[in-house]
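*Asks:* Quick one: this structure, given as structure tokens, is what I'll be asking you about.
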Amino acid sequence: MAAMTCLLLLLWAGVTVSTVVDLQKRIIGGHDCSRGYHVKLHRADPDSICGGSLINNQWILTAKHCWTGGTWKAYLGGNEVQISTSKKYTEDEKDHDIILLKLSATTTTPHVNLPGPDNCKKTPEKVEVAGYGAKDTATGNERLLGPEHRSTTLQCGEMKTLVDCETYQGRLSQNKPGAVEHMKHEHLLCAESKPVDISKGDSGGGAVHDGIIYGVIVNSSDDEYALKGPAAFMDVCNKKYRDWIQETINGP
């Protein structure tokens with residue numbers, strides 16, 4: 001009887017450990033954080049949520065697809081802020097997935113810095129990403145994307161940057177064949193790290209290193225599964241993008 005009791009206890013312990021491991025697999029590598037420059041963009045549609053980055057006292061940098069279709073609201077530091085103007089980037093009559101939003105009034109909220117030419121001579125080895133997007137996965141890293149799987153607190157995580165985006169483009173050709181044609185004219189930065197990945201709802205947020213924004217989150221490698229390949233960002237160090245940003249925010 002004692003032997004049987006001992007065996008049952010061991011089996012119970014084994015099930016408990018297994019359950020804990022399974023739960024840990026559901027986290028897409030983030031941790032609670034606080035980033036004053038991070039902007040939360042939200043629409044009445046419960047499935048529509050994005051991020052953005054305050055880059056000076058009146059301008060927000062985000063993904064263009066986060067500011068189309070319906071009425072969006074912007075929240076900075078938990079408070080709703082009014083947007084007066086939006087400026088998209090177009091090259092060779094093609095829109096790129098990057099946009100600037102101007103606040104109707106200046107703010108004293110701390111902002112993230114834009115990179116200068118010296119910062120862009122070498123891409124940092126790692127960038128931090130942040131967002132309120134869905135953070136849960138099922139067994140096998142299948143994404144759970146409903147609003148109930150989003151984080152109620154800002155999540156941050158580090159990703160390792162890649163020299164180029166060839167791996168990303170390869171993943172897209174397998175999993176999102178239409179996206180390759182759509183994005184091939186854009187200037188991208190890619191990053192990948194396990195167990196960290198971006199998710200639906202994180203788009204528009206910044207890829208930041210040492211207080212400087214190097215990218216804007218625009219796409220994952222796979223809509224159905226996390227951690228299957230690198231994530232894509234609009235490359236803020238691209239000279240055309242940098243010049244356009246500076247001219248827009250410093251213009252008349």
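Residues in the structure tokens are named by chain (A, B, ... in the order shown) and by number from 1 within that chain; ligands are numbered from 1 in the order shown.
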Tell me, as a PyMOL selection string, which residues lie within 7 Å of A:Ile60, counting only C-alpha atoms; anything in the same chain fewer than 4 positions away does not count.
*Replies:* chain A and resi 52-55+100-102
*Asks:* Pick out the residues sitting within 7 Å of A:Thr161, and hand them over as JSON, numbers by chain; count only C-alpha atoms, and ignore anything fewer than 6 positions along from it in its own chain.
*Replies:* {"A": [125, 126, 127, 190, 191, 192]}
*Asks:* Please dump the current selection as a CSV table (one decimal), in the first residue's frame; keep N, CA and C atoms.
*Replies:*
chain,number,residue,atom,x,y,z
A,125,GLU,N,22.9,44.6,-33.0
A,125,GLU,CA,22.7,43.1,-33.0
A,125,GLU,C,21.3,42.7,-32.5
A,126,LYS,N,20.8,43.5,-31.6
A,126,LYS,CA,19.4,43.2,-31.1
A,126,LYS,C,18.6,44.4,-31.0
A,127,VAL,N,17.3,44.2,-31.1
A,127,VAL,CA,16.3,45.3,-30.9
A,127,VAL,C,15.2,44.8,-30.0
A,190,CYS,N,14.9,42.9,-40.7
A,190,CYS,CA,14.3,41.6,-40.2
A,190,CYS,C,15.0,41.2,-38.9
A,191,ALA,N,14.3,40.5,-38.0
A,191,ALA,CA,14.8,40.1,-36.8
A,191,ALA,C,14.1,38.8,-36.3
A,192,GLU,N,14.9,38.0,-35.6
A,192,GLU,CA,14.3,36.7,-35.2
A,192,GLU,C,15.0,36.3,-33.9
*Asks:* Given only C-alpha atoms, how would the per-residue table for stretch 103-150 of chain A near stretch 236-249 of chain A read, listing every residue at most 12 Å away with its closest atom pair and distance in Å to one decimal, sorted by chain and number, as a tab-separated table?
*Replies:*
residue	atom	partner	partner_atom	distance
A:Leu103	CA	A:Ile249	CA	11.2
A:Asn113	CA	A:Val236	CA	11.1
A:Leu114	CA	A:Val236	CA	8.0
A:Pro115	CA	A:Cys237	CA	6.7
A:Gly116	CA	A:Cys237	CA	8.1
A:Pro117	CA	A:Cys237	CA	8.0
A:Asp118	CA	A:Cys237	CA	10.1
A:Asn119	CA	A:Cys237	CA	8.2
A:Cys120	CA	A:Cys237	CA	5.6
A:Lys121	CA	A:Cys237	CA	8.8
A:Lys122	CA	A:Cys237	CA	9.7
A:Thr123	CA	A:Cys237	CA	8.5
A:Pro124	CA	A:Cys237	CA	11.1
*Asks:* Using all heavy atoms, can you export the residues from the last selection as a short mmCIF file (atom, residue, chain, number, x, y, z; two decimals), in the first residue's frame?
*Replies:*
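again22.cif, freshly written:
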data_model
loop_
_atom_site.label_atom_id
_atom_site.label_comp_id
_atom_site.auth_asym_id
_atom_site.auth_seq_id
_atom_site.Cartn_x
_atom_site.Cartn_y
_atom_site.Cartn_z
N LEU A 103 0.05 64.80 -33.68
CA LEU A 103 -0.85 65.13 -32.59
C LEU A 103 -1.40 66.54 -32.78
O LEU A 103 -0.71 67.42 -33.32
CB LEU A 103 -0.13 65.05 -31.25
CG LEU A 103 0.45 63.68 -30.85
CD1 LEU A 103 1.23 63.82 -29.54
CD2 LEU A 103 -0.65 62.65 -30.71
N ASN A 113 14.17 58.29 -29.80
CA ASN A 113 14.95 59.09 -30.75
C ASN A 113 15.05 58.43 -32.12
O ASN A 113 15.08 57.20 -32.23
CB ASN A 113 16.36 59.33 -30.21
CG ASN A 113 16.37 60.18 -28.97
OD1 ASN A 113 15.70 61.22 -28.91
ND2 ASN A 113 17.10 59.76 -27.95
N LEU A 114 15.12 59.25 -33.15
CA LEU A 114 15.38 58.75 -34.50
C LEU A 114 16.88 58.49 -34.66
O LEU A 114 17.69 59.19 -34.05
CB LEU A 114 14.92 59.77 -35.53
CG LEU A 114 13.40 59.97 -35.64
CD1 LEU A 114 13.09 61.20 -36.49
CD2 LEU A 114 12.75 58.73 -36.26
N PRO A 115 17.26 57.54 -35.50
CA PRO A 115 18.69 57.29 -35.71
C PRO A 115 19.31 58.36 -36.59
O PRO A 115 18.67 58.89 -37.51
CB PRO A 115 18.69 55.93 -36.42
CG PRO A 115 17.38 55.88 -37.14
CD PRO A 115 16.41 56.62 -36.26
N GLY A 116 20.56 58.69 -36.32
CA GLY A 116 21.33 59.58 -37.17
C GLY A 116 22.20 58.77 -38.11
O GLY A 116 22.26 57.53 -38.01
N PRO A 117 22.90 59.41 -39.03
CA PRO A 117 23.77 58.68 -39.96
C PRO A 117 24.77 57.77 -39.27
O PRO A 117 25.02 56.65 -39.74
CB PRO A 117 24.47 59.81 -40.73
CG PRO A 117 23.53 60.96 -40.64
CD PRO A 117 22.91 60.87 -39.28
N ASP A 118 25.35 58.21 -38.16
CA ASP A 118 26.32 57.38 -37.45
C ASP A 118 25.67 56.13 -36.85
O ASP A 118 26.26 55.04 -36.85
CB ASP A 118 27.01 58.17 -36.34
CG ASP A 118 27.98 59.22 -36.89
OD1 ASP A 118 28.36 59.11 -38.07
OD2 ASP A 118 28.34 60.14 -36.13
N ASN A 119 24.44 56.27 -36.35
CA ASN A 119 23.73 55.12 -35.79
C ASN A 119 23.44 54.08 -36.86
O ASN A 119 23.36 52.88 -36.57
CB ASN A 119 22.40 55.56 -35.17
CG ASN A 119 22.56 56.59 -34.09
OD1 ASN A 119 22.03 57.69 -34.20
ND2 ASN A 119 23.29 56.27 -33.02
N CYS A 120 23.29 54.54 -38.09
CA CYS A 120 22.89 53.64 -39.17
C CYS A 120 24.07 53.00 -39.91
O CYS A 120 23.86 52.25 -40.87
CB CYS A 120 21.99 54.38 -40.16
SG CYS A 120 20.40 54.86 -39.44
N LYS A 121 25.29 53.32 -39.48
CA LYS A 121 26.44 52.69 -40.12
C LYS A 121 26.49 51.20 -39.83
O LYS A 121 27.02 50.42 -40.63
CB LYS A 121 27.74 53.36 -39.62
CG LYS A 121 27.95 54.77 -40.17
CD LYS A 121 29.24 55.38 -39.65
CE LYS A 121 29.45 56.78 -40.22
NZ LYS A 121 30.70 57.41 -39.68
N LYS A 122 25.94 50.80 -38.70
CA LYS A 122 25.91 49.39 -38.34
C LYS A 122 24.62 49.09 -37.60
O LYS A 122 24.29 49.75 -36.62
CB LYS A 122 27.11 49.02 -37.45
CG LYS A 122 27.17 47.54 -37.11
CD LYS A 122 28.39 47.23 -36.26
CE LYS A 122 28.44 45.74 -35.92
NZ LYS A 122 29.61 45.41 -35.08
N THR A 123 23.89 48.10 -38.10
CA THR A 123 22.64 47.72 -37.45
C THR A 123 22.94 47.08 -36.10
O THR A 123 23.83 46.23 -36.00
CB THR A 123 21.86 46.71 -38.32
OG1 THR A 123 21.63 47.27 -39.61
CG2 THR A 123 20.53 46.34 -37.68
N PRO A 124 22.24 47.47 -35.04
CA PRO A 124 22.48 46.84 -33.74
C PRO A 124 22.19 45.35 -33.80
O PRO A 124 21.34 44.91 -34.58
CB PRO A 124 21.51 47.57 -32.81
CG PRO A 124 20.46 48.14 -33.70
CD PRO A 124 21.16 48.48 -34.97
#
*Asks:* Please identify which residues in stretch 8-215 of chain A DSSP calls strand (DSSP E) from the backbone, and express them as a JSON list (two decimals) with N, CA and C atoms, in the first residue's frame.
*Replies:*
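This went into part_3.json:
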[["chain", "number", "residue", "atom", "x", "y", "z"],
["A", 31, "HIS", "N", 7.69, 40.05, -21.66],
["A", 31, "HIS", "CA", 7.64, 40.32, -20.23],
["A", 31, "HIS", "C", 7.02, 41.69, -20.02],
["A", 32, "ASP", "N", 6.41, 41.90, -18.88],
["A", 32, "ASP", "CA", 5.80, 43.20, -18.58],
["A", 32, "ASP", "C", 6.84, 44.31, -18.64],
["A", 38, "HIS", "N", 5.61, 54.50, -26.21],
["A", 38, "HIS", "CA", 4.76, 53.55, -26.95],
["A", 38, "HIS", "C", 3.33, 54.07, -27.02],
["A", 39, "VAL", "N", 2.76, 54.06, -28.22],
["A", 39, "VAL", "CA", 1.40, 54.52, -28.45],
["A", 39, "VAL", "C", 0.52, 53.32, -28.77],
["A", 40, "LYS", "N", -0.65, 53.27, -28.16],
["A", 40, "LYS", "CA", -1.61, 52.21, -28.45],
["A", 40, "LYS", "C", -2.67, 52.75, -29.38],
["A", 41, "LEU", "N", -2.83, 52.12, -30.53],
["A", 41, "LEU", "CA", -3.85, 52.52, -31.50],
["A", 41, "LEU", "C", -4.97, 51.49, -31.46],
["A", 42, "HIS", "N", -6.22, 51.98, -31.40],
["A", 42, "HIS", "CA", -7.35, 51.07, -31.24],
["A", 42, "HIS", "C", -8.52, 51.56, -32.07],
["A", 43, "ARG", "N", -9.27, 50.61, -32.61],
["A", 43, "ARG", "CA", -10.46, 50.91, -33.37],
["A", 43, "ARG", "C", -11.66, 50.27, -32.67],
["A", 49, "ILE", "N", -6.17, 46.43, -33.37],
["A", 49, "ILE", "CA", -5.29, 47.08, -32.40],
["A", 49, "ILE", "C", -3.90, 47.14, -33.02],
["A", 50, "CYS", "N", -3.18, 48.22, -32.75],
["A", 50, "CYS", "CA", -1.82, 48.39, -33.28],
["A", 50, "CYS", "C", -0.98, 49.17, -32.26],
["A", 51, "GLY", "N", 0.27, 49.37, -32.62],
["A", 51, "GLY", "CA", 1.16, 50.16, -31.80],
["A", 51, "GLY", "C", 1.74, 51.31, -32.61],
["A", 52, "GLY", "N", 2.50, 52.14, -31.95],
["A", 52, "GLY", "CA", 3.18, 53.25, -32.60],
["A", 52, "GLY", "C", 4.24, 53.79, -31.66],
["A", 53, "SER", "N", 5.05, 54.71, -32.14],
["A", 53, "SER", "CA", 6.13, 55.28, -31.32],
["A", 53, "SER", "C", 6.14, 56.79, -31.44],
["A", 54, "LEU", "N", 6.13, 57.47, -30.30],
["A", 54, "LEU", "CA", 6.27, 58.92, -30.27],
["A", 54, "LEU", "C", 7.73, 59.25, -30.56],
["A", 59, "TRP", "N", 4.83, 64.04, -33.05],
["A", 59, "TRP", "CA", 4.67, 63.09, -34.15],
["A", 59, "TRP", "C", 4.81, 61.64, -33.68],
["A", 60, "ILE", "N", 3.96, 60.78, -34.27],
["A", 60, "ILE", "CA", 3.96, 59.33, -34.01],
["A", 60, "ILE", "C", 4.35, 58.62, -35.29],
["A", 61, "LEU", "N", 5.22, 57.64, -35.19],
["A", 61, "LEU", "CA", 5.62, 56.81, -36.33],
["A", 61, "LEU", "C", 4.97, 55.44, -36.16],
["A", 62, "THR", "N", 4.29, 54.96, -37.22],
["A", 62, "THR", "CA", 3.63, 53.67, -37.13],
["A", 62, "THR", "C", 3.53, 53.04, -38.52],
["A", 72, "TRP", "N", -9.78, 55.26, -36.05],
["A", 72, "TRP", "CA", -8.83, 54.81, -35.04],
["A", 72, "TRP", "C", -8.69, 55.86, -33.94],
["A", 73, "LYS", "N", -8.36, 55.40, -32.75],
["A", 73, "LYS", "CA", -8.05, 56.28, -31.63],
["A", 73, "LYS", "C", -6.64, 55.98, -31.15],
["A", 74, "ALA", "N", -5.96, 57.02, -30.70],
["A", 74, "ALA", "CA", -4.58, 56.87, -30.22],
["A", 74, "ALA", "C", -4.53, 57.15, -28.72],
["A", 75, "TYR", "N", -3.77, 56.30, -28.02],
["A", 75, "TYR", "CA", -3.62, 56.45, -26.58],
["A", 75, "TYR", "C", -2.14, 56.53, -26.23],
["A", 76, "LEU", "N", -1.79, 57.58, -25.53],
["A", 76, "LEU", "CA", -0.41, 57.79, -25.10],
["A", 76, "LEU", "C", -0.40, 57.90, -23.59],
["A", 79, "ASN", "N", -3.83, 57.80, -21.97],
["A", 79, "ASN", "CA", -4.77, 58.89, -22.24],
["A", 79, "ASN", "C", -4.99, 59.03, -23.74],
["A", 80, "GLU", "N", -6.24, 59.24, -24.13],
["A", 80, "GLU", "CA", -6.54, 59.42, -25.54],
["A", 80, "GLU", "C", -5.98, 60.75, -26.03],
["A", 81, "VAL", "N", -5.32, 60.73, -27.18],
["A", 81, "VAL", "CA", -4.78, 61.94, -27.80],
["A", 81, "VAL", "C", -5.39, 62.09, -29.18],
["A", 83, "ILE", "N", -5.42, 63.09, -33.15],
["A", 83, "ILE", "CA", -4.54, 63.14, -34.32],
["A", 83, "ILE", "C", -5.10, 64.17, -35.30],
["A", 84, "SER", "N", -4.26, 65.12, -35.73],
["A", 84, "SER", "CA", -4.72, 66.17, -36.63],
["A", 84, "SER", "C", -4.36, 65.90, -38.09],
["A", 85, "THR", "N", -3.27, 65.18, -38.32],
["A", 85, "THR", "CA", -2.77, 64.99, -39.67],
["A", 85, "THR", "C", -2.09, 63.63, -39.79],
["A", 86, "SER", "N", -2.18, 63.02, -40.96],
["A", 86, "SER", "CA", -1.41, 61.81, -41.24],
["A", 86, "SER", "C", -0.65, 62.00, -42.55],
["A", 87, "LYS", "N", 0.58, 61.52, -42.60],
["A", 87, "LYS", "CA", 1.43, 61.65, -43.79],
["A", 87, "LYS", "C", 2.01, 60.28, -44.14],
["A", 88, "LYS", "N", 1.64, 59.76, -45.31],
["A", 88, "LYS", "CA", 2.16, 58.46, -45.73],
["A", 88, "LYS", "C", 3.35, 58.64, -46.65],
["A", 89, "TYR", "N", 4.14, 57.56, -46.79],
["A", 89, "TYR", "CA", 5.31, 57.60, -47.67],
["A", 89, "TYR", "C", 4.99, 56.88, -48.97],
["A", 90, "THR", "N", 5.26, 57.56, -50.08],
["A", 90, "THR", "CA", 5.04, 56.99, -51.41],
["A", 90, "THR", "C", 6.31, 57.10, -52.23],
["A", 91, "GLU", "N", 6.65, 56.03, -52.90],
["A", 91, "GLU", "CA", 7.85, 56.00, -53.76],
["A", 91, "GLU", "C", 7.50, 55.32, -55.07],
["A", 94, "LYS", "N", 4.05, 54.08, -55.39],
["A", 94, "LYS", "CA", 3.65, 52.95, -54.56],
["A", 94, "LYS", "C", 3.73, 53.35, -53.09],
["A", 95, "ASP", "N", 2.64, 53.07, -52.36],
["A", 95, "ASP", "CA", 2.64, 53.33, -50.93],
["A", 95, "ASP", "C", 3.50, 52.31, -50.21],
["A", 96, "HIS", "N", 4.20, 52.78, -49.18],
["A", 96, "HIS", "CA", 4.97, 51.88, -48.31],
["A", 96, "HIS", "C", 4.27, 51.82, -46.96],
["A", 97, "ASP", "N", 4.51, 50.75, -46.24],
["A", 97, "ASP", "CA", 3.77, 50.51, -44.98],
["A", 97, "ASP", "C", 4.37, 51.30, -43.82],
["A", 98, "ILE", "N", 4.43, 52.61, -43.99],
["A", 98, "ILE", "CA", 4.97, 53.48, -42.95],
["A", 98, "ILE", "C", 4.22, 54.81, -43.03],
["A", 99, "ILE", "N", 3.88, 55.36, -41.88],
["A", 99, "ILE", "CA", 3.07, 56.57, -41.85],
["A", 99, "ILE", "C", 3.41, 57.39, -40.61],
["A", 100, "LEU", "N", 3.25, 58.70, -40.71],
["A", 100, "LEU", "CA", 3.44, 59.61, -39.59],
["A", 100, "LEU", "C", 2.10, 60.21, -39.20],
["A", 101, "LEU", "N", 1.83, 60.26, -37.91],
["A", 101, "LEU", "CA", 0.61, 60.84, -37.38],
["A", 101, "LEU", "C", 0.99, 62.04, -36.51],
["A", 102, "LYS", "N", 0.33, 63.17, -36.75],
["A", 102, "LYS", "CA", 0.64, 64.38, -35.99],
["A", 102, "LYS", "C", -0.41, 64.62, -34.91],
["A", 103, "LEU", "N", 0.05, 64.80, -33.68],
["A", 103, "LEU", "CA", -0.85, 65.13, -32.59],
["A", 103, "LEU", "C", -1.40, 66.54, -32.78],
["A", 126, "LYS", "N", 20.76, 43.51, -31.60],
["A", 126, "LYS", "CA", 19.45, 43.18, -31.06],
["A", 126, "LYS", "C", 18.59, 44.43, -31.01],
["A", 127, "VAL", "N", 17.27, 44.22, -31.13],
["A", 127, "VAL", "CA", 16.32, 45.31, -30.94],
["A", 127, "VAL", "C", 15.23, 44.83, -29.98],
["A", 128, "GLU", "N", 14.64, 45.79, -29.28],
["A", 128, "GLU", "CA", 13.53, 45.46, -28.40],
["A", 128, "GLU", "C", 12.23, 45.80, -29.11],
["A", 129, "VAL", "N", 11.27, 44.87, -29.04],
["A", 129, "VAL", "CA", 9.94, 45.11, -29.60],
["A", 129, "VAL", "C", 8.95, 45.18, -28.45],
["A", 130, "ALA", "N", 7.85, 45.89, -28.66],
["A", 130, "ALA", "CA", 6.85, 46.04, -27.61],
["A", 130, "ALA", "C", 5.46, 46.09, -28.22],
["A", 131, "GLY", "N", 4.47, 45.61, -27.47],
["A", 131, "GLY", "CA", 3.10, 45.68, -27.96],
["A", 131, "GLY", "C", 2.11, 45.03, -27.02],
["A", 136, "ASP", "N", -0.52, 34.48, -26.63],
["A", 136, "ASP", "CA", -0.71, 33.06, -26.32],
["A", 136, "ASP", "C", -0.56, 32.19, -27.56],
["A", 137, "THR", "N", -0.04, 30.98, -27.35],
["A", 137, "THR", "CA", 0.02, 29.97, -28.41],
["A", 137, "THR", "C", -0.46, 28.65, -27.85],
["A", 143, "ARG", "N", -0.92, 30.04, -33.19],
["A", 143, "ARG", "CA", -1.31, 31.32, -32.60],
["A", 143, "ARG", "C", -2.77, 31.30, -32.14],
["A", 144, "LEU", "N", -3.02, 31.90, -30.97],
["A", 144, "LEU", "CA", -4.37, 32.12, -30.47],
["A", 144, "LEU", "C", -4.60, 33.63, -30.53],
["A", 155, "GLN", "N", 3.93, 44.39, -23.35],
["A", 155, "GLN", "CA", 4.91, 43.31, -23.33],
["A", 155, "GLN", "C", 6.13, 43.71, -24.16],
["A", 156, "CYS", "N", 7.33, 43.42, -23.65],
["A", 156, "CYS", "CA", 8.57, 43.70, -24.37],
["A", 156, "CYS", "C", 9.38, 42.42, -24.54],
["A", 157, "GLY", "N", 10.18, 42.36, -25.57],
["A", 157, "GLY", "CA", 11.08, 41.23, -25.78],
["A", 157, "GLY", "C", 12.17, 41.61, -26.76],
["A", 158, "GLU", "N", 13.30, 40.92, -26.69],
["A", 158, "GLU", "CA", 14.43, 41.21, -27.59],
["A", 158, "GLU", "C", 14.46, 40.24, -28.76],
["A", 159, "MET", "N", 14.82, 40.76, -29.92],
["A", 159, "MET", "CA", 14.97, 39.93, -31.12],
["A", 159, "MET", "C", 16.32, 40.25, -31.76],
["A", 160, "LYS", "N", 16.94, 39.23, -32.32],
["A", 160, "LYS", "CA", 18.24, 39.39, -32.96],
["A", 160, "LYS", "C", 18.07, 39.80, -34.41],
["A", 161, "THR", "N", 18.72, 40.88, -34.80],
["A", 161, "THR", "CA", 18.58, 41.36, -36.18],
["A", 161, "THR", "C", 19.35, 40.47, -37.15],
["A", 188, "LEU", "N", 13.22, 46.85, -45.86],
["A", 188, "LEU", "CA", 12.92, 46.10, -44.64],
["A", 188, "LEU", "C", 14.13, 45.82, -43.77],
["A", 189, "LEU", "N", 13.88, 45.69, -42.50],
["A", 189, "LEU", "CA", 14.82, 45.17, -41.51],
["A", 189, "LEU", "C", 14.15, 43.93, -40.94],
["A", 190, "CYS", "N", 14.90, 42.87, -40.71],
["A", 190, "CYS", "CA", 14.32, 41.64, -40.18],
["A", 190, "CYS", "C", 15.01, 41.23, -38.88],
["A", 191, "ALA", "N", 14.28, 40.54, -38.04],
["A", 191, "ALA", "CA", 14.83, 40.08, -36.76],
["A", 191, "ALA", "C", 14.13, 38.80, -36.35],
["A", 192, "GLU", "N", 14.86, 37.97, -35.60],
["A", 192, "GLU", "CA", 14.31, 36.68, -35.18],
["A", 192, "GLU", "C", 14.97, 36.25, -33.89],
["A", 206, "GLY", "N", 7.55, 49.99, -32.32],
["A", 206, "GLY", "CA", 8.94, 50.22, -32.71],
["A", 206, "GLY", "C", 9.87, 49.06, -32.40],
["A", 207, "ALA", "N", 10.94, 48.96, -33.19],
["A", 207, "ALA", "CA", 12.07, 48.09, -32.90],
["A", 207, "ALA", "C", 13.17, 49.02, -32.41],
["A", 208, "VAL", "N", 13.47, 48.97, -31.12],
["A", 208, "VAL", "CA", 14.27, 50.00, -30.46],
["A", 208, "VAL", "C", 15.54, 49.41, -29.85],
["A", 209, "HIS", "N", 16.62, 50.17, -29.93],
["A", 209, "HIS", "CA", 17.87, 49.78, -29.28],
["A", 209, "HIS", "C", 18.49, 51.03, -28.67],
["A", 212, "ILE", "N", 16.87, 54.36, -29.35],
["A", 212, "ILE", "CA", 16.77, 54.79, -30.76],
["A", 212, "ILE", "C", 15.89, 53.81, -31.51],
["A", 213, "ILE", "N", 14.99, 54.31, -32.33],
["A", 213, "ILE", "CA", 14.09, 53.45, -33.10],
["A", 213, "ILE", "C", 14.73, 53.10, -34.45],
["A", 214, "TYR", "N", 14.85, 51.81, -34.71],
["A", 214, "TYR", "CA", 15.47, 51.34, -35.95],
["A", 214, "TYR", "C", 14.45, 50.71, -36.91],
["A", 215, "GLY", "N", 13.28, 50.38, -36.42],
["A", 215, "GLY", "CA", 12.30, 49.73, -37.29],
["A", 215, "GLY", "C", 10.89, 49.91, -36.79]]
*Asks:* Can you tell me how far atom CA of A:Asp235 sits from atom CA of A:Thr109, in Å to one decimal?
*Replies:* 24.3 Å
*Asks:* If you run DSSP over the backbone, which residues in stretch 22-214 of chain A end up alpha helix (DSSP H)? Put them as a PyMOL selection string.
*Replies:* chain A and resi 22-24+166-175+177-183
*Asks:* Could you check which of A:Asn219, A:Thr68, A:Asn56, A:Ser199 is closest to A:Ala105, using only C-alpha atoms?
*Replies:*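 For A:Ala105, the nearest of the candidates is A:Asn56.
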*Asks:* As an exercise, work out the distance from atom CA of A:Leu145 to atom CA of A:Ala232 in Å and give it to one decimal place.
*Replies:*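 Going from atom CA of A:Leu145 over to atom CA of A:Ala232 covers 18.9 Å.
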*Asks:* Which residue, A:Gly36, A:Thr71, A:Ile198, A:Glu224, has the smallest gap to A:Gly140 when you use only C-alpha atoms?
*Replies:*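 For A:Gly140, the nearest of the given residues is A:Glu224.
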*Asks:* Which residues come within 8 Å of A:Arg150, counting only C-alpha atoms, excluding same-chain residues fewer than 6 positions away, as an MDAnalysis selection string?
*Replies:* chainID A and resid 132:136
*Asks:* Take the selection from the previous step and output its residues with N, CA and C atoms, as a PDB file, in the first residue's frame.
*Replies:*
ATOM      1  N   TYR A 132       0.844  45.209 -27.352  1.00  0.00           N
ATOM      2  CA  TYR A 132      -0.258  44.623 -26.593  1.00  0.00           C
ATOM      3  C   TYR A 132      -0.912  43.479 -27.365  1.00  0.00           C
ATOM      4  N   GLY A 133      -0.258  43.006 -28.414  1.00  0.00           N
ATOM      5  CA  GLY A 133      -0.848  41.972 -29.258  1.00  0.00           C
ATOM      6  C   GLY A 133      -1.013  40.638 -28.550  1.00  0.00           C
ATOM      7  N   ALA A 134      -1.685  39.714 -29.252  1.00  0.00           N
ATOM      8  CA  ALA A 134      -1.926  38.384 -28.695  1.00  0.00           C
ATOM      9  C   ALA A 134      -0.608  37.716 -28.333  1.00  0.00           C
ATOM     10  N   LYS A 135      -0.540  37.152 -27.114  1.00  0.00           N
ATOM     11  CA  LYS A 135       0.716  36.585 -26.633  1.00  0.00           C
ATOM     12  C   LYS A 135       0.622  35.088 -26.354  1.00  0.00           C
ATOM     13  N   ASP A 136      -0.520  34.477 -26.635  1.00  0.00           N
ATOM     14  CA  ASP A 136      -0.708  33.061 -26.319  1.00  0.00           C
ATOM     15  C   ASP A 136      -0.559  32.191 -27.561  1.00  0.00           C
TER      16      ASP A 136
END
